[in-house]
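Data file: structure_11.csv. Format and content: CSV, C-alpha atoms and all ligand atoms.
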chain,number,residue,atom,x,y,z
A,276,MET,CA,-13.9,11.3,5.8
A,277,LYS,CA,-12.3,8.3,7.6
A,278,ILE,CA,-11.9,5.0,5.7
A,279,THR,CA,-13.8,3.2,8.5
A,280,GLN,CA,-16.7,5.6,8.0
A,281,HIS,CA,-16.7,5.0,4.2
A,282,ILE,CA,-16.8,1.2,5.0
A,283,ALA,CA,-19.6,1.6,7.6
A,284,GLU,CA,-21.7,3.7,5.3
A,285,ALA,CA,-21.1,1.8,2.0
A,286,LYS,CA,-24.3,0.6,0.3
A,287,SER,CA,-22.4,-1.9,-1.8
A,288,THR,CA,-18.8,-3.1,-2.2
A,289,LEU,CA,-16.6,0.1,-2.3
A,290,PHE,CA,-13.7,0.6,-4.7
A,291,SER,CA,-10.3,2.1,-3.9
A,292,PHE,CA,-7.2,2.6,-6.0
A,293,GLU,CA,-3.5,2.7,-5.1
A,294,LEU,CA,-1.5,5.3,-7.1
A,295,LEU,CA,2.2,5.5,-7.6
A,296,PRO,CA,3.9,9.0,-7.6
A,297,PRO,CA,5.5,9.9,-10.9
A,298,LEU,CA,9.2,9.7,-11.4
A,299,LYS,CA,11.2,12.8,-10.3
A,300,GLY,CA,11.1,15.2,-13.2
A,301,GLU,CA,7.7,14.2,-14.5
A,302,ASN,CA,4.6,16.3,-13.8
A,303,ILE,CA,1.4,15.5,-12.0
A,304,GLN,CA,-0.7,15.2,-15.1
A,305,ARG,CA,-0.5,11.4,-15.4
A,306,ILE,CA,-1.8,11.1,-11.8
A,307,HIS,CA,-4.7,13.4,-12.7
A,308,GLN,CA,-5.4,11.4,-15.8
A,309,THR,CA,-5.5,8.2,-13.8
A,310,VAL,CA,-7.8,9.6,-11.2
A,311,GLU,CA,-10.1,11.1,-13.9
A,312,ARG,CA,-10.2,7.7,-15.7
A,313,LEU,CA,-11.2,6.0,-12.4
A,314,MET,CA,-13.7,8.6,-11.0
A,315,GLU,CA,-16.6,7.0,-12.8
A,316,PHE,CA,-16.3,4.1,-10.2
A,317,ASP,CA,-16.9,6.6,-7.4
A,318,PRO,CA,-13.9,5.4,-5.4
A,319,ALA,CA,-14.1,5.8,-1.6
A,320,PHE,CA,-10.5,6.8,-1.5
A,321,VAL,CA,-7.2,6.6,-3.4
A,322,ASP,CA,-4.0,5.8,-1.6
A,323,VAL,CA,-0.5,7.0,-2.6
A,324,THR,CA,2.6,4.9,-2.1
A,325,TYR,CA,5.8,6.2,-0.5
A,326,HIS,CA,9.2,5.3,-2.0
A,327,ARG,CA,12.4,5.1,-0.2
A,328,GLU,CA,15.6,6.7,-1.3
A,329,GLU,CA,18.0,4.6,-3.4
A,330,TYR,CA,21.7,4.7,-3.8
A,331,VAL,CA,23.2,5.5,-7.2
A,332,TYR,CA,26.9,5.4,-8.1
A,333,HIS,CA,28.5,8.0,-10.3
A,334,GLU,CA,31.9,7.7,-11.9
A,335,VAL,CA,34.1,10.6,-10.8
A,336,GLN,CA,37.7,11.3,-11.8
A,337,SER,CA,40.2,8.4,-12.1
A,338,GLY,CA,37.4,5.8,-12.3
A,339,LEU,CA,36.4,6.2,-8.7
A,340,LEU,CA,32.7,5.7,-7.9
A,341,GLN,CA,30.8,8.2,-5.8
A,342,LYS,CA,27.7,7.1,-3.9
A,343,ARG,CA,24.7,9.4,-4.1
A,344,THR,CA,21.3,9.1,-2.5
A,345,VAL,CA,18.3,9.9,-4.6
A,346,ARG,CA,14.6,9.7,-4.0
A,347,LYS,CA,13.1,8.7,-7.4
A,348,ARG,CA,9.4,9.1,-6.7
A,349,PRO,CA,8.9,11.9,-4.2
A,350,GLY,CA,5.6,13.8,-3.9
A,351,THR,CA,3.3,11.5,-1.8
A,352,VAL,CA,2.1,14.3,0.5
A,353,GLY,CA,1.7,16.8,-2.4
A,354,ILE,CA,-0.2,14.4,-4.5
A,355,CYS,CA,-2.6,13.6,-1.7
A,356,ALA,CA,-3.3,17.3,-1.1
A,357,ALA,CA,-3.7,18.0,-4.8
A,358,ILE,CA,-6.1,15.1,-5.4
A,359,SER,CA,-8.3,15.7,-2.4
A,360,HIS,CA,-8.7,19.4,-3.2
A,361,LYS,CA,-9.2,18.9,-7.0
A,362,TYR,CA,-11.6,16.0,-6.8
A,363,ASN,CA,-13.0,16.2,-3.3
A,364,LEU,CA,-11.8,12.7,-2.8
A,365,ASP,CA,-10.3,11.2,0.3
A,366,THR,CA,-6.6,10.3,0.0
A,367,VAL,CA,-4.5,8.0,2.1
A,368,PRO,CA,-0.7,8.6,2.1
A,369,HIS,CA,1.5,5.6,2.9
A,370,ILE,CA,3.9,6.5,5.6
A,371,ILE,CA,6.9,4.4,6.3
A,372,CYS,CA,9.5,3.8,8.9
A,373,GLY,CA,12.4,3.5,6.5
A,374,GLY,CA,14.5,6.6,5.9
A,375,PHE,CA,12.7,8.7,8.6
A,376,THR,CA,13.6,9.8,12.1
A,377,LYS,CA,10.8,10.1,14.6
A,378,GLU,CA,11.1,13.9,14.4
A,379,GLU,CA,10.8,13.8,10.6
A,380,THR,CA,7.7,11.6,10.9
A,381,GLU,CA,6.2,13.9,13.4
A,382,ASN,CA,6.7,16.9,11.0
A,383,ALA,CA,5.3,15.0,8.1
A,384,LEU,CA,2.2,14.1,10.1
A,385,ILE,CA,1.7,17.7,11.1
A,386,ASP,CA,1.9,18.6,7.3
A,387,LEU,CA,-0.7,16.0,6.6
A,388,ASP,CA,-3.0,17.2,9.4
A,389,PHE,CA,-2.7,20.8,8.2
A,390,VAL,CA,-3.7,19.9,4.6
A,391,GLY,CA,-6.7,18.0,5.8
A,392,VAL,CA,-5.7,14.4,5.3
A,393,GLU,CA,-7.6,12.2,7.8
A,394,ASN,CA,-6.2,8.8,6.9
A,395,VAL,CA,-2.8,7.1,6.8
A,396,LEU,CA,-1.5,3.7,6.0
A,397,VAL,CA,1.4,2.9,8.3
A,398,LEU,CA,4.1,0.5,7.0
A,399,ARG,CA,7.6,-0.4,7.8
A,400,GLY,CA,8.6,0.1,4.2
A,401,ASP,CA,10.8,-2.0,1.9
A,402,PRO,CA,14.5,-2.2,2.4
A,403,ILE,CA,16.7,0.0,0.1
A,404,ARG,CA,17.1,-1.9,-3.1
A,405,SER,CA,20.8,-2.4,-2.8
A,406,GLU,CA,20.7,-3.3,0.9
A,407,GLY,CA,18.5,-6.4,0.9
A,408,ARG,CA,17.7,-6.2,4.6
A,409,PHE,CA,15.6,-3.4,6.3
A,410,LYS,CA,17.6,-1.0,8.4
A,411,ALA,CA,15.9,1.7,10.5
A,412,GLU,CA,17.3,5.2,10.9
A,413,ALA,CA,19.3,5.7,14.2
A,414,ASP,CA,16.3,7.6,15.7
A,415,GLY,CA,13.6,5.9,13.5
A,416,HIS,CA,11.2,3.1,13.8
A,417,SER,CA,12.1,-0.6,13.2
A,418,TYR,CA,8.6,-1.9,12.8
A,419,ALA,CA,5.2,-0.6,11.6
A,420,ILE,CA,3.7,-1.0,15.0
A,421,ASP,CA,6.2,1.5,16.5
A,422,LEU,CA,5.2,4.0,13.8
A,423,LEU,CA,1.6,3.2,14.4
A,424,ASN,CA,2.1,4.1,18.1
A,425,GLN,CA,3.6,7.4,17.2
A,426,VAL,CA,0.5,8.3,15.1
A,427,ALA,CA,-1.8,7.0,17.9
A,428,ASP,CA,0.1,9.2,20.4
A,429,MET,CA,-0.4,12.2,18.2
A,430,ASN,CA,-4.1,11.3,18.0
A,431,ARG,CA,-4.0,11.7,21.8
A,432,GLY,CA,-2.2,15.0,21.6
A,433,LYS,CA,1.1,13.5,22.6
A,434,TYR,CA,4.1,14.7,20.6
A,435,LEU,CA,7.8,13.8,21.0
A,436,ASP,CA,8.7,16.9,23.0
A,437,PRO,CA,7.4,16.2,26.6
A,438,ASP,CA,7.3,19.9,27.3
A,439,LEU,CA,4.6,20.4,24.7
A,440,LYS,CA,1.3,20.6,26.7
A,441,ASN,CA,-2.3,20.8,25.4
A,442,SER,CA,-1.1,20.0,21.9
A,443,ASN,CA,-3.5,19.5,18.9
A,444,ALA,CA,-4.8,16.0,18.9
A,445,THR,CA,-4.7,14.7,15.3
A,446,GLN,CA,-7.6,12.6,14.0
A,447,PHE,CA,-5.8,10.1,11.7
A,448,CYS,CA,-7.7,6.9,10.9
A,449,ILE,CA,-4.9,4.3,10.8
A,450,GLY,CA,-4.6,1.4,8.3
A,451,VAL,CA,-2.0,-1.4,8.2
A,452,ALA,CA,-0.8,-4.0,5.7
A,453,GLY,CA,-1.9,-7.7,5.9
A,454,TYR,CA,-0.3,-10.6,4.0
A,455,PRO,CA,-2.6,-13.6,3.1
A,456,GLU,CA,0.4,-15.6,2.1
A,457,LYS,CA,2.4,-14.2,5.1
A,458,HIS,CA,5.1,-11.5,5.1
A,459,PHE,CA,8.2,-12.9,3.6
A,460,GLU,CA,10.3,-12.4,6.7
A,461,ALA,CA,7.8,-13.9,9.1
A,462,PRO,CA,8.7,-17.5,10.3
A,463,ASN,CA,5.1,-18.5,9.8
A,464,LEU,CA,1.6,-17.0,9.3
A,465,ALA,CA,0.7,-17.5,13.0
A,466,SER,CA,3.6,-15.3,14.0
A,467,ASP,CA,2.7,-12.7,11.4
A,468,LEU,CA,-0.9,-12.6,12.7
A,469,ARG,CA,0.2,-12.2,16.3
A,470,TRP,CA,2.0,-8.9,15.2
A,471,LEU,CA,-1.1,-7.9,13.2
A,472,LYS,CA,-3.2,-8.5,16.3
A,473,ARG,CA,-0.9,-6.2,18.3
A,474,LYS,CA,-1.3,-3.5,15.7
A,475,VAL,CA,-5.1,-3.8,16.1
A,476,GLU,CA,-4.8,-3.6,19.9
A,477,ASP,CA,-2.7,-0.5,19.5
A,478,GLY,CA,-5.1,1.3,17.2
A,479,ALA,CA,-5.1,0.0,13.6
A,480,GLU,CA,-8.6,0.4,12.2
A,481,TYR,CA,-8.5,-1.4,8.9
A,482,VAL,CA,-6.2,-3.7,6.9
A,483,ILE,CA,-5.3,-3.6,3.2
A,484,THR,CA,-3.9,-6.9,2.0
A,485,GLN,CA,-1.0,-7.6,-0.2
A,486,MET,CA,-2.1,-8.7,-3.7
A,487,PHE,CA,-3.1,-12.4,-4.1
A,488,PHE,CA,-4.2,-14.4,-7.2
A,489,ASP,CA,-6.1,-17.2,-5.4
A,490,ASN,CA,-9.1,-16.0,-3.4
A,491,ALA,CA,-8.8,-19.0,-1.1
A,492,ALA,CA,-5.7,-17.4,0.3
A,493,TYR,CA,-7.7,-14.3,1.3
A,494,PHE,CA,-10.7,-16.2,2.7
A,495,ASP,CA,-8.4,-18.4,4.7
A,496,PHE,CA,-6.5,-15.3,6.0
A,497,VAL,CA,-9.7,-13.5,7.0
A,498,ALA,CA,-10.9,-16.7,8.8
A,499,LYS,CA,-7.6,-17.0,10.7
A,500,CYS,CA,-7.7,-13.3,11.6
A,501,ARG,CA,-11.2,-13.6,13.0
A,502,LYS,CA,-10.2,-16.6,15.0
A,503,GLN,CA,-7.4,-14.5,16.5
A,504,GLY,CA,-9.9,-11.8,17.4
A,505,ILE,CA,-8.8,-9.4,14.6
A,506,ASP,CA,-12.1,-7.9,13.9
A,507,ILE,CA,-11.4,-4.8,11.8
A,508,PRO,CA,-12.3,-4.6,8.1
A,509,ILE,CA,-9.8,-6.4,5.8
A,510,LEU,CA,-9.8,-4.9,2.2
A,511,PRO,CA,-8.5,-7.4,-0.4
A,512,GLY,CA,-5.8,-6.0,-2.6
A,513,LEU,CA,-6.0,-7.0,-6.3
A,514,LYS,CA,-3.8,-6.6,-9.3
A,515,PRO,CA,-4.2,-7.9,-12.8
A,516,LEU,CA,-1.3,-9.7,-14.3
A,517,THR,CA,-0.5,-7.8,-17.5
A,518,THR,CA,2.8,-9.0,-18.9
A,519,LYS,CA,4.6,-12.4,-19.2
A,520,GLY,CA,7.5,-10.9,-17.2
A,521,GLN,CA,5.3,-10.5,-14.2
A,522,LEU,CA,5.2,-14.3,-13.8
A,523,ASN,CA,8.6,-13.9,-12.3
A,524,SER,CA,8.7,-10.2,-11.1
A,525,LEU,CA,5.5,-10.4,-9.0
A,526,PRO,CA,6.7,-13.4,-6.9
A,527,GLN,CA,10.1,-11.8,-6.7
A,528,ASN,CA,9.0,-8.4,-5.6
A,529,PHE,CA,5.9,-9.2,-3.6
A,530,HIS,CA,6.4,-12.7,-2.4
A,531,VAL,CA,3.1,-14.0,-3.8
A,532,ASN,CA,2.2,-17.3,-5.4
A,533,LEU,CA,0.6,-17.6,-8.8
A,534,PRO,CA,-1.8,-20.4,-9.3
A,535,ASP,CA,-0.9,-23.2,-11.8
A,536,GLU,CA,-3.9,-22.5,-14.0
A,537,LEU,CA,-3.0,-18.8,-14.4
A,538,VAL,CA,0.6,-19.5,-15.0
A,539,ASP,CA,-0.3,-22.1,-17.6
A,540,LEU,CA,-2.7,-19.8,-19.4
A,541,ILE,CA,-0.2,-16.9,-19.5
A,542,GLU,CA,2.6,-19.1,-20.7
A,543,ARG,CA,0.5,-20.4,-23.6
A,544,ALA,CA,-0.6,-16.9,-24.7
A,545,LYS,CA,0.7,-16.0,-28.1
A,546,THR,CA,0.5,-12.2,-27.9
A,547,LYS,CA,1.0,-9.3,-25.4
A,548,GLU,CA,-2.7,-8.5,-25.9
A,549,ALA,CA,-3.7,-12.1,-25.1
A,550,VAL,CA,-1.6,-12.0,-21.9
A,551,LYS,CA,-3.4,-8.8,-20.8
A,552,GLU,CA,-6.8,-10.2,-21.6
A,553,ILE,CA,-6.1,-13.4,-19.6
A,554,GLY,CA,-4.8,-11.3,-16.6
A,555,VAL,CA,-7.8,-9.0,-16.6
A,556,GLU,CA,-10.3,-11.8,-17.0
A,557,TRP,CA,-8.6,-13.6,-14.1
A,558,CYS,CA,-8.9,-10.5,-11.9
A,559,ILE,CA,-12.5,-10.0,-12.9
A,560,ARG,CA,-13.3,-13.5,-11.7
A,561,GLN,CA,-11.5,-12.9,-8.5
A,562,ALA,CA,-13.3,-9.5,-7.9
A,563,LYS,CA,-16.7,-10.9,-8.7
A,564,GLU,CA,-16.2,-13.8,-6.2
A,565,LEU,CA,-14.9,-11.5,-3.5
A,566,LYS,CA,-17.9,-9.1,-4.0
A,567,ASP,CA,-20.4,-12.0,-3.9
A,568,ALA,CA,-18.7,-13.1,-0.6
A,569,GLY,CA,-19.5,-9.6,0.8
A,570,VAL,CA,-16.0,-8.1,1.2
A,571,PRO,CA,-16.0,-4.5,2.5
A,572,GLY,CA,-14.3,-3.2,-0.6
A,573,LEU,CA,-12.1,-4.0,-3.6
A,574,HIS,CA,-8.7,-2.4,-3.5
A,575,PHE,CA,-6.8,-2.2,-6.8
A,576,TYR,CA,-3.1,-1.8,-7.2
A,577,THR,CA,-3.0,0.3,-10.4
A,578,MET,CA,0.8,0.6,-10.7
A,579,GLY,CA,0.3,3.6,-12.9
A,580,LYS,CA,-2.0,1.8,-15.4
A,581,ALA,CA,-5.6,2.9,-15.2
A,582,ASP,CA,-7.0,1.0,-18.2
A,583,PRO,CA,-6.9,-2.6,-16.9
A,584,THR,CA,-8.2,-1.5,-13.5
A,585,ALA,CA,-11.1,0.4,-15.2
A,586,GLN,CA,-11.9,-2.7,-17.3
A,587,ILE,CA,-12.1,-4.8,-14.1
A,588,ALA,CA,-14.1,-2.2,-12.1
A,589,LYS,CA,-16.6,-1.9,-14.9
A,590,ALA,CA,-17.1,-5.6,-15.1
A,591,VAL,CA,-17.9,-5.9,-11.3
A,592,LEU,CA,-19.9,-2.7,-10.8
A,601,LIG,P1,5.8,-4.8,9.9
A,601,LIG,O1,4.5,-4.8,10.5
A,601,LIG,O2,6.9,-4.0,10.7
A,601,LIG,O3,6.3,-6.3,9.8
A,601,LIG,C1,7.6,-6.7,9.2
A,601,LIG,C2,7.9,-8.1,9.6
A,601,LIG,O4,8.3,-8.1,11.0
A,601,LIG,C3,6.8,-9.1,9.5
A,601,LIG,O5,7.4,-10.3,9.2
A,601,LIG,C4,6.2,-9.2,10.9
A,601,LIG,O6,5.6,-10.4,11.1
A,601,LIG,C5,7.3,-8.9,11.8
A,601,LIG,N1,7.0,-8.0,12.9
A,601,LIG,C6,6.1,-7.0,13.0
A,601,LIG,N2,6.2,-6.3,14.1
A,601,LIG,C7,7.3,-6.9,14.8
A,601,LIG,C8,7.9,-6.6,16.1
A,601,LIG,N3,7.5,-5.6,16.9
A,601,LIG,N4,9.0,-7.4,16.5
A,601,LIG,C9,9.4,-8.4,15.6
A,601,LIG,N5,8.8,-8.7,14.4
A,601,LIG,C10,7.8,-7.9,14.0
A,601,LIG,N6,6.4,-0.4,1.0
A,601,LIG,C11,7.0,0.8,0.7
A,601,LIG,O7,8.2,1.0,0.9
A,601,LIG,N7,6.1,1.8,0.4
A,601,LIG,C12,4.8,1.7,0.2
A,601,LIG,O8,4.1,2.6,-0.1
A,601,LIG,C13,4.2,0.4,0.5
A,601,LIG,N8,2.9,0.2,0.4
A,601,LIG,C14,2.4,-1.0,0.8
A,601,LIG,C15,0.9,-1.2,0.8
A,601,LIG,C16,0.4,-2.4,1.1
A,601,LIG,C17,-1.1,-2.6,1.2
A,601,LIG,C18,1.2,-3.5,1.5
A,601,LIG,C19,0.6,-4.9,1.8
A,601,LIG,C20,2.6,-3.3,1.5
A,601,LIG,C21,3.2,-2.1,1.1
A,601,LIG,N9,4.6,-1.9,1.2
A,601,LIG,C22,5.1,-0.6,0.9
A,601,LIG,C23,5.5,-3.0,1.5
A,601,LIG,C24,5.8,-3.1,3.0
A,601,LIG,O9,6.5,-1.9,3.4
A,601,LIG,C25,6.7,-4.3,3.1
A,601,LIG,O10,6.0,-5.5,2.9
A,601,LIG,C26,7.5,-4.4,4.4
A,601,LIG,O11,8.5,-5.4,4.3
A,601,LIG,C27,6.7,-4.7,5.7
A,601,LIG,O12,5.8,-3.8,6.0
A,601,LIG,P2,4.8,-4.0,7.3
A,601,LIG,O13,4.2,-2.6,7.5
A,601,LIG,O14,3.9,-5.1,7.0
A,601,LIG,O15,5.9,-4.3,8.4

Can you present the structure in this file as structure tokens?
Ligand code: FAD
Amino acid sequence: MKITQHIAEAKSTLFSFELLPPLKGENIQRIHQTVERLMEFDPAFVDVTYHREEYVYHEVQSGLLQKRTVRKRPGTVGICAAISHKYNLDTVPHIICGGFTKEETENALIDLDFVGVENVLVLRGDPIRSEGRFKAEADGHSYAIDLLNQVADMNRGKYLDPDLKNSNATQFCIGVAGYPEKHFEAPNLASDLRWLKRKVEDGAEYVITQMFFDNAAYFDFVAKCRKQGIDIPILPGLKPLTTKGQLNSLPQNFHVNLPDELVDLIERAKTKEAVKEIGVEWCIRQAKELKDAGVPGLHFYTMGKADPTAQIAKAVL
């Protein structure tokens, strides 16, 4: 079922969970355990991240370094197919511009269509770790909106090869990312919102937001979106802070602000357990307030850890 249909038919705030593919060499059991732990919350869908290749350097003879490309967390499409068949649960693969030519994207979308996946989240993707700045493939997409248009074309039966006539029209429901505190490269929020609006005009049907720790940022973002005429559902993305190290790593990796009060509480916590408790309680407060405000759903970034997410979901059921 399409995410938009889940939202339209929901009797109360729906839950959804983002999953991370296991590291290469691990099996899929951890994913199954996470899904099984979270099934009691009757999720509308789970989405599965996609991870770009990374460069690693190996020392070869005479001290020279050889550059190798590795994909450390492959398996997004396989995980989506496995979960939807095992649990009869809708899955949303993230598909990204980075590392893909248009032809490879087309073939991946055909695979997804054939295994019965009806939803995708289209993203530009993060830069390769060692590169710092996003670089598209020579025949790839530079921005999420271009990838979105490829999916929208396939939904109209238009493939890359102009000689293909009467082709199968896919039925993907297309989601996109939104940034309550603006995307880190955008000159300002207004500019970021203009691009988001373009994505909606070109076929985006729902937004999932970047994590935020102050609900005011989400409410303000939604109000600005509505003012711009962006009228699709905007699912708030939530993540509990669970370690002291995340006081620095979350702003560094996700370009988000942490409120003074939360930082202060975490800094004063004496034990790892106390940090976790504070982070979970904070997230419960956020989730309850969002639910009371009538958000269409609560989207949780599990980052491979089901327990804190389950604690929060239980508290806001
Ligand atoms: P875009 O929409 O392409 O925007 C990138 C920047 O360019 C923005 O500043 C925007 O304002 C601007 N812009 C947009 N369109 C244009 C245009 N046509 N011309 C000029 N400027 C433009 N990353 C992964 O690698 N894998 C994942 O699985 C993943 N999942 C995510 C899930 C969610 C919910 C979110 C919020 C992010 C996720 N990311 C993931 C991170 C995401 O890929 C990065 O934030 C990336 O830097 C931007 O992606 P985007 O789709 O928002 O890009």

Q) For the atom pair atom CA of Asp539 of chain A and atom CA of Val497 of chain A, what is the interatomic distance in Å to one decimal place? A)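 Distance reported for this atom pair: 27.7 Å.
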
Q | Surrounding residues of Gln308 of chain A excluding itself and chain neighbours under 3 positions, 12 Å, all atoms listed in the file, as a list in words | A |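 Returned residues: Leu294, Asn302, Ile303, Gln304, Arg305, Glu311, Arg312, Leu313, Met314, Ile358, Tyr362, Gly579, Lys580, Ala581 and Asp582 of chain A.
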
Q: With all atoms listed in the file counted, collect every polymer residue having an atom within 7 Å of ligand LIG 601 (chain A); state the result as a ChimeraX atom specification.
A: /A:323-327,369-371,397-401,417-420,451-454,458-461,466-467,470-471,483-485,512

Residues from the last selection, C-alpha atoms, saved as an mmCIF file, in the coordinates of the input:
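Done, and the output landed in out_18.cif:
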data_model
loop_
_atom_site.group_PDB
_atom_site.id
_atom_site.type_symbol
_atom_site.label_atom_id
_atom_site.label_comp_id
_atom_site.auth_asym_id
_atom_site.auth_seq_id
_atom_site.Cartn_x
_atom_site.Cartn_y
_atom_site.Cartn_z
ATOM 1 C CA VAL A 323 -0.500 7.000 -2.600
ATOM 2 C CA THR A 324 2.600 4.900 -2.100
ATOM 3 C CA TYR A 325 5.800 6.200 -0.500
ATOM 4 C CA HIS A 326 9.200 5.300 -2.000
ATOM 5 C CA ARG A 327 12.400 5.100 -0.200
ATOM 6 C CA HIS A 369 1.500 5.600 2.900
ATOM 7 C CA ILE A 370 3.900 6.500 5.600
ATOM 8 C CA ILE A 371 6.900 4.400 6.300
ATOM 9 C CA VAL A 397 1.400 2.900 8.300
ATOM 10 C CA LEU A 398 4.100 0.500 7.000
ATOM 11 C CA ARG A 399 7.600 -0.400 7.800
ATOM 12 C CA GLY A 400 8.600 0.100 4.200
ATOM 13 C CA ASP A 401 10.800 -2.000 1.900
ATOM 14 C CA SER A 417 12.100 -0.600 13.200
ATOM 15 C CA TYR A 418 8.600 -1.900 12.800
ATOM 16 C CA ALA A 419 5.200 -0.600 11.600
ATOM 17 C CA ILE A 420 3.700 -1.000 15.000
ATOM 18 C CA VAL A 451 -2.000 -1.400 8.200
ATOM 19 C CA ALA A 452 -0.800 -4.000 5.700
ATOM 20 C CA GLY A 453 -1.900 -7.700 5.900
ATOM 21 C CA TYR A 454 -0.300 -10.600 4.000
ATOM 22 C CA HIS A 458 5.100 -11.500 5.100
ATOM 23 C CA PHE A 459 8.200 -12.900 3.600
ATOM 24 C CA GLU A 460 10.300 -12.400 6.700
ATOM 25 C CA ALA A 461 7.800 -13.900 9.100
ATOM 26 C CA SER A 466 3.600 -15.300 14.000
ATOM 27 C CA ASP A 467 2.700 -12.700 11.400
ATOM 28 C CA TRP A 470 2.000 -8.900 15.200
ATOM 29 C CA LEU A 471 -1.100 -7.900 13.200
ATOM 30 C CA ILE A 483 -5.300 -3.600 3.200
ATOM 31 C CA THR A 484 -3.900 -6.900 2.000
ATOM 32 C CA GLN A 485 -1.000 -7.600 -0.200
ATOM 33 C CA GLY A 512 -5.800 -6.000 -2.600
#

Q: List the residues sitting within 10 Å of (-7.2, -0.8, 14.9) in the file's frame, using only C-alpha atoms, as an MDAnalysis selection string.
A: chainID A and resid 423 427 448:451 471:482 505:508

Q) Suppose you want the space between atom CA of Phe529 of chain A and atom CA of Ala549 of chain A; what is it in Å? A)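 Rounded to one decimal, the two atoms are 23.7 Å apart.
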
Q: Can you work out the spacing between atom CA of Ile559 of chain A and atom CA of Tyr576 of chain A in Å, to one decimal?
A: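 Those two atoms sit 13.7 Å apart.
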
Q: Return the single residue from A:Lys342, A:Lys347, A:Lys286, A:Lys410 that is closest to Glu301 of chain A, with distances computed using all atoms listed in the file.
A: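 Result for the nearest residue to Glu301 of chain A: A:Lys347.
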
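Between Leu537 of chain A and the residues A:Leu516, A:Ser524, A:Asp365, A:Asp388, the shortest atom-to-atom distance, using only C-alpha atoms, involves A:Leu516.
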
**Q.** Residue neighbourhood Gly415 of chain A, 12 Å, all atoms listed in the file, exclusion window fewer than 6 positions, as a VMD selection string
**A.** chain A and resid 371 to 381 399 409 421 to 422 425

Q | Residue with smallest distance to Glu393 of chain A - pool A:His360, A:His574, A:Lys563, A:Lys277, counting all atoms listed in the file | A |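 Closest candidate: A:Lys277.
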
Q: Rank nothing, just name the residue among A:Pro402, A:Pro462, A:Gly407, A:Gly391 nearest to Gln446 of chain A, using all atoms listed in the file.
A: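 Residue with the minimum atom-to-atom distance to Gln446 of chain A: A:Gly391.
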
Q) Which of these residues is nearest to Gln586 of chain A, using all atoms listed in the file: A:Gly572, A:Gly338, A:Pro515, A:Pro526? A) A:Pro515

Would you list the contacts of Phe447 of chain A as a PDB file with C-alpha atoms, in the frame of the given file, taking every protein, DNA or RNA residue within 7 Å and counting all atoms listed in the file, but skipping same-chain residues closer than 3 positions in sequence?
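Everything below was put into part_34.pdb:
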ATOM      1  CA  GLU A 393      -7.600  12.200   7.800  1.00  0.00           C
ATOM      2  CA  ASN A 394      -6.200   8.800   6.900  1.00  0.00           C
ATOM      3  CA  VAL A 395      -2.800   7.100   6.800  1.00  0.00           C
ATOM      4  CA  ASN A 430      -4.100  11.300  18.000  1.00  0.00           C
TER       5      ASN A 430
END

Q: Would you mind listing what lies within 12 Å of Asp495 of chain A as a VMD selection string, with only C-alpha atoms counted and same-chain residues fewer than 6 positions away left out?
A: chain A and resid 454 to 457 464 487 489 501 to 502

Q: Compute the distance from (3.1, -16.0, -13.2) to each atom, counting only C-alpha atoms, keep the residues with any atom at most 10 Å away, and return them as a ChimeraX atom specification; use the coordinates of the file.
A: /A:488,516-526,531-542,554

Q. Which residue out of A:Ile385, A:Glu412, A:His307, A:Phe496 has the minimum interatomic distance to Ser442 of chain A when all atoms listed in the file are used?
A.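 Of A:Ile385, A:Glu412, A:His307, A:Phe496, the one nearest Ser442 of chain A is A:Ile385, counting all atoms listed in the file.
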